[in-house]
Amino acid sequence: MKRSNSGPLYAAITLGSNSFNMLVAQTVAGKPKVVAKYKRKVRLAEGIGADGTLNQTVFNRGLDCLMMFSSMLDKEGVDRDNIAVIATATLRSISNAEAFCTAALPILGQPIEIISGLREAELIYQGMVATTCGEGRRLVIDIGGASTEFIIGDGNKVLLKTSLDIGCVTFNDKFFNSFPFQQLDFDAAQNHVESALGGYRAQLLDYGWHCVVGASGAVQSVVELLNARGLSETITSAVLQQLREEVLSQTDVSMRDVVGLHQERAPTFAAGIAILLSLFNLLQIQSLNLSGGALREGVLQLLAERISQSESV
């Protein structure tokens, strides 16, 4: 269904290791205005076998989501020339990524662009700046399903960026694959985070920051929970320690007794808390607030600029 506003509709599709997302937008007053959102927890990283191949069940689950996105593109009236499809950590790493991209091409009508971790970090920062108020130097942390991006920036300028193999879905497989969870699981996760950070830990601390902004489902799940409990949205070490204790006291893997936790977020909740707690400890973070946007909003910015340039030619 086409809208009456002037200017074409466009869509940013991001294929993460945990979720696939699609934002449909239109440029209003020079900025992308989101008119529709679609999301599915595909958990692509769950399907990576010991041989580095994505198994057929999860492969098909990904394609099924893309077919849903395709139907929604038709429903919204988005021209297939005005979409960008970006993939991240899992498609960077699997050995049958080319087969997935080949199967997806006729579904979406545009090729999947598999971006590097550093390019992902740049787009995350652009998406954050475009959607999140604040001044001064900021540390941005985006915890994904199979990778976590760290960016320090000032205004529009990126000062430091990196992408590391830390993720909620992969941590589930490594540390939270046996219920009930134990403190030892959280300790092992922190040791892994510390090892993965390596020399970047000192670099990040040397740069310093005025505030910390977090993106991704791991942060959103905590903020949603705090909202449901009528508490401040600011995440602190005390909040995370309390949630760890709640996770450790659970008698069912569904986490149904954790008040305010959305059930679709339960499968990766323990891993997300473990990663956040580790980063708070290792990077001496005092508090963290949710970003207004990240990767998909960064892709929207790119699309808006590209379409604006093509219309002005």
# chains A, B, ... in the order shown; residues from 1 in each chain; ligands from 1
>>> residues_around(residues="segment 47-52 of chain A", least_positions_apart="3", cutoff="7 Å", atoms="only C-alpha atoms", output="list in words")
Leu44, Asn55, Val58, Ile94 and Ser95 of chain A
>>> residues_around(residues="Leu295 of chain A", least_positions_apart="5", cutoff="9 Å", atoms="only C-alpha atoms", output="ChimeraX atom specification")
/A:14,120-128,142,215,300
>>> write_last_selection(atoms="N, CA and C atoms", output="CSV table (one decimal), in the first residue's frame")
chain,number,residue,atom,x,y,z
A,14,THR,N,18.4,-6.1,8.0
A,14,THR,CA,19.6,-6.5,8.6
A,14,THR,C,19.4,-8.0,9.1
A,120,GLU,N,30.4,-2.8,10.3
A,120,GLU,CA,29.2,-2.9,11.1
A,120,GLU,C,29.3,-1.9,12.3
A,121,ALA,N,30.5,-1.8,12.9
A,121,ALA,CA,30.7,-0.8,14.0
A,121,ALA,C,30.4,0.6,13.5
A,122,GLU,N,30.9,1.0,12.3
A,122,GLU,CA,30.6,2.3,11.8
A,122,GLU,C,29.2,2.6,11.6
A,123,LEU,N,28.4,1.6,11.0
A,123,LEU,CA,27.0,1.8,10.8
A,123,LEU,C,26.2,1.9,12.1
A,124,ILE,N,26.6,1.1,13.1
A,124,ILE,CA,26.0,1.1,14.4
A,124,ILE,C,26.2,2.5,15.0
A,125,TYR,N,27.4,3.1,14.9
A,125,TYR,CA,27.6,4.4,15.5
A,125,TYR,C,26.8,5.5,14.8
A,126,GLN,N,26.7,5.4,13.4
A,126,GLN,CA,25.9,6.3,12.7
A,126,GLN,C,24.4,6.2,13.1
A,127,GLY,N,23.9,5.0,13.2
A,127,GLY,CA,22.5,4.8,13.7
A,127,GLY,C,22.3,5.4,15.1
A,128,MET,N,23.3,5.2,15.9
A,128,MET,CA,23.1,5.7,17.3
A,128,MET,C,23.1,7.3,17.3
A,142,ASP,N,27.4,-2.7,21.2
A,142,ASP,CA,26.2,-3.4,20.6
A,142,ASP,C,26.5,-4.9,20.7
A,215,ALA,N,23.3,-1.0,22.7
A,215,ALA,CA,22.2,-1.3,21.7
A,215,ALA,C,22.0,-2.8,21.7
A,300,LEU,N,19.5,2.7,7.2
A,300,LEU,CA,18.5,3.7,6.8
A,300,LEU,C,19.1,5.0,6.3
>>> select_by_dssp(residues="segment 206-267 of chain A", states="strand (DSSP E or B)", output="PyMOL selection string")
chain A and resi 211-215+235-236
>>> residues_around(residues="Arg137 of chain A", least_positions_apart="3", cutoff="8 Å", atoms="only C-alpha atoms", output="ChimeraX atom specification")
/A:152-155,208-211
>>> atom_distance(atom1="atom CA of Phe171 of chain A", atom2="atom CA of Thr268 of chain A")
8.5 Å
>>> closest_atom_pairs(of="segment 108-203 of chain A", to="segment 243-248 of chain A", cutoff="10 Å", atoms="only C-alpha atoms", output="JSON lines")
{"residue": "A:Phe179", "atom": "CA", "partner": "A:Leu248", "partner_atom": "CA", "distance": 9.6}
{"residue": "A:Pro180", "atom": "CA", "partner": "A:Leu248", "partner_atom": "CA", "distance": 7.3}
{"residue": "A:Phe181", "atom": "CA", "partner": "A:Leu248", "partner_atom": "CA", "distance": 5.8}
{"residue": "A:Gln182", "atom": "CA", "partner": "A:Leu248", "partner_atom": "CA", "distance": 6.1}
{"residue": "A:Gln183", "atom": "CA", "partner": "A:Leu248", "partner_atom": "CA", "distance": 7.4}
{"residue": "A:Phe186", "atom": "CA", "partner": "A:Arg244", "partner_atom": "CA", "distance": 8.5}
>>> residues_around(residues="Leu290 of chain A", least_positions_apart="4", cutoff="8 Å", atoms="only C-alpha atoms", output="list in words")
Val213, Gly214, Ala215, Val219, Gln220, Val223, Glu233 and Thr234 of chain A
>>> atom_distance(atom1="atom CA of Cys168 of chain A", atom2="atom CA of Leu288 of chain A")
18.0 Å
>>> residues_around(residues="Asp79 of chain A", least_positions_apart="6", cutoff="8 Å", atoms="only C-alpha atoms", output="list in words")
Leu9, Tyr10 and Leu73 of chain A
>>> closest_residue(among="A:Ser278, A:Gln242, A:Thr57, A:Asn18", to="Ala188 of chain A", atoms="only C-alpha atoms")
A:Ser278
>>> residues_around(residues="Met67 of chain A", least_positions_apart="3", cutoff="10 Å", atoms="only C-alpha atoms", output="mmCIF file with N, CA, C and O atoms, in the first residue's frame")
data_model
loop_
_atom_site.group_PDB
_atom_site.id
_atom_site.type_symbol
_atom_site.label_atom_id
_atom_site.label_comp_id
_atom_site.auth_asym_id
_atom_site.auth_seq_id
_atom_site.Cartn_x
_atom_site.Cartn_y
_atom_site.Cartn_z
ATOM 1 N N ARG A 61 14.941 -21.674 8.134
ATOM 2 C CA ARG A 61 14.276 -20.716 9.033
ATOM 3 C C ARG A 61 14.613 -19.289 8.604
ATOM 4 O O ARG A 61 13.760 -18.393 8.634
ATOM 5 N N GLY A 62 15.863 -19.074 8.202
ATOM 6 C CA GLY A 62 16.270 -17.761 7.714
ATOM 7 C C GLY A 62 15.553 -17.385 6.433
ATOM 8 O O GLY A 62 15.049 -16.258 6.289
ATOM 9 N N LEU A 63 15.485 -18.323 5.502
ATOM 10 C CA LEU A 63 14.814 -18.050 4.223
ATOM 11 C C LEU A 63 13.317 -17.799 4.430
ATOM 12 O O LEU A 63 12.723 -16.948 3.758
ATOM 13 N N ASP A 64 12.715 -18.532 5.375
ATOM 14 C CA ASP A 64 11.291 -18.343 5.667
ATOM 15 C C ASP A 64 11.024 -16.920 6.159
ATOM 16 O O ASP A 64 10.032 -16.290 5.773
ATOM 17 N N SER A 70 9.629 -10.268 2.294
ATOM 18 C CA SER A 70 9.284 -9.993 0.892
ATOM 19 C C SER A 70 7.799 -9.663 0.746
ATOM 20 O O SER A 70 7.426 -8.715 0.043
ATOM 21 N N SER A 71 6.967 -10.436 1.429
ATOM 22 C CA SER A 71 5.519 -10.167 1.395
ATOM 23 C C SER A 71 5.201 -8.796 1.969
ATOM 24 O O SER A 71 4.339 -8.065 1.452
ATOM 25 N N MET A 72 5.897 -8.428 3.037
ATOM 26 C CA MET A 72 5.660 -7.130 3.668
ATOM 27 C C MET A 72 6.163 -5.977 2.786
ATOM 28 O O MET A 72 5.569 -4.901 2.773
ATOM 29 N N LEU A 73 7.243 -6.199 2.044
ATOM 30 C CA LEU A 73 7.712 -5.184 1.093
ATOM 31 C C LEU A 73 6.630 -4.910 0.048
ATOM 32 O O LEU A 73 6.369 -3.753 -0.306
ATOM 33 N N ALA A 104 18.604 -16.541 -1.286
ATOM 34 C CA ALA A 104 17.856 -15.354 -0.856
ATOM 35 C C ALA A 104 17.617 -14.357 -1.992
ATOM 36 O O ALA A 104 16.653 -13.588 -1.953
ATOM 37 N N PRO A 106 16.492 -14.419 -5.216
ATOM 38 C CA PRO A 106 15.179 -14.322 -5.875
ATOM 39 C C PRO A 106 14.043 -13.960 -4.919
ATOM 40 O O PRO A 106 12.999 -13.471 -5.353
ATOM 41 N N ILE A 107 14.238 -14.170 -3.616
ATOM 42 C CA ILE A 107 13.194 -13.840 -2.635
ATOM 43 C C ILE A 107 13.108 -12.333 -2.438
ATOM 44 O O ILE A 107 12.019 -11.751 -2.450
ATOM 45 N N LEU A 108 14.264 -11.689 -2.285
ATOM 46 C CA LEU A 108 14.291 -10.257 -1.969
ATOM 47 C C LEU A 108 14.495 -9.369 -3.187
ATOM 48 O O LEU A 108 14.154 -8.189 -3.167
#
>>> residues_around(residues="Glu98 of chain A", least_positions_apart="5", cutoff="12 Å", atoms="only C-alpha atoms", output="PyMOL selection string")
chain A and resi 53-54+59+87+91-93+103-105+111-114
>>> select_by_dssp(residues="segment 156-262 of chain A", states="helix (DSSP H, G or I)", output="JSON, numbers by chain")
{"A": [168, 169, 170, 171, 172, 173, 174, 175, 183, 184, 185, 186, 187, 188, 189, 190, 191, 192, 193, 194, 195, 196, 197, 200, 201, 202, 203, 204, 205, 206, 207, 217, 218, 219, 220, 221, 222, 223, 224, 225, 226, 227, 228, 237, 238, 239, 240, 241, 242, 243, 244, 245, 246, 247, 248]}
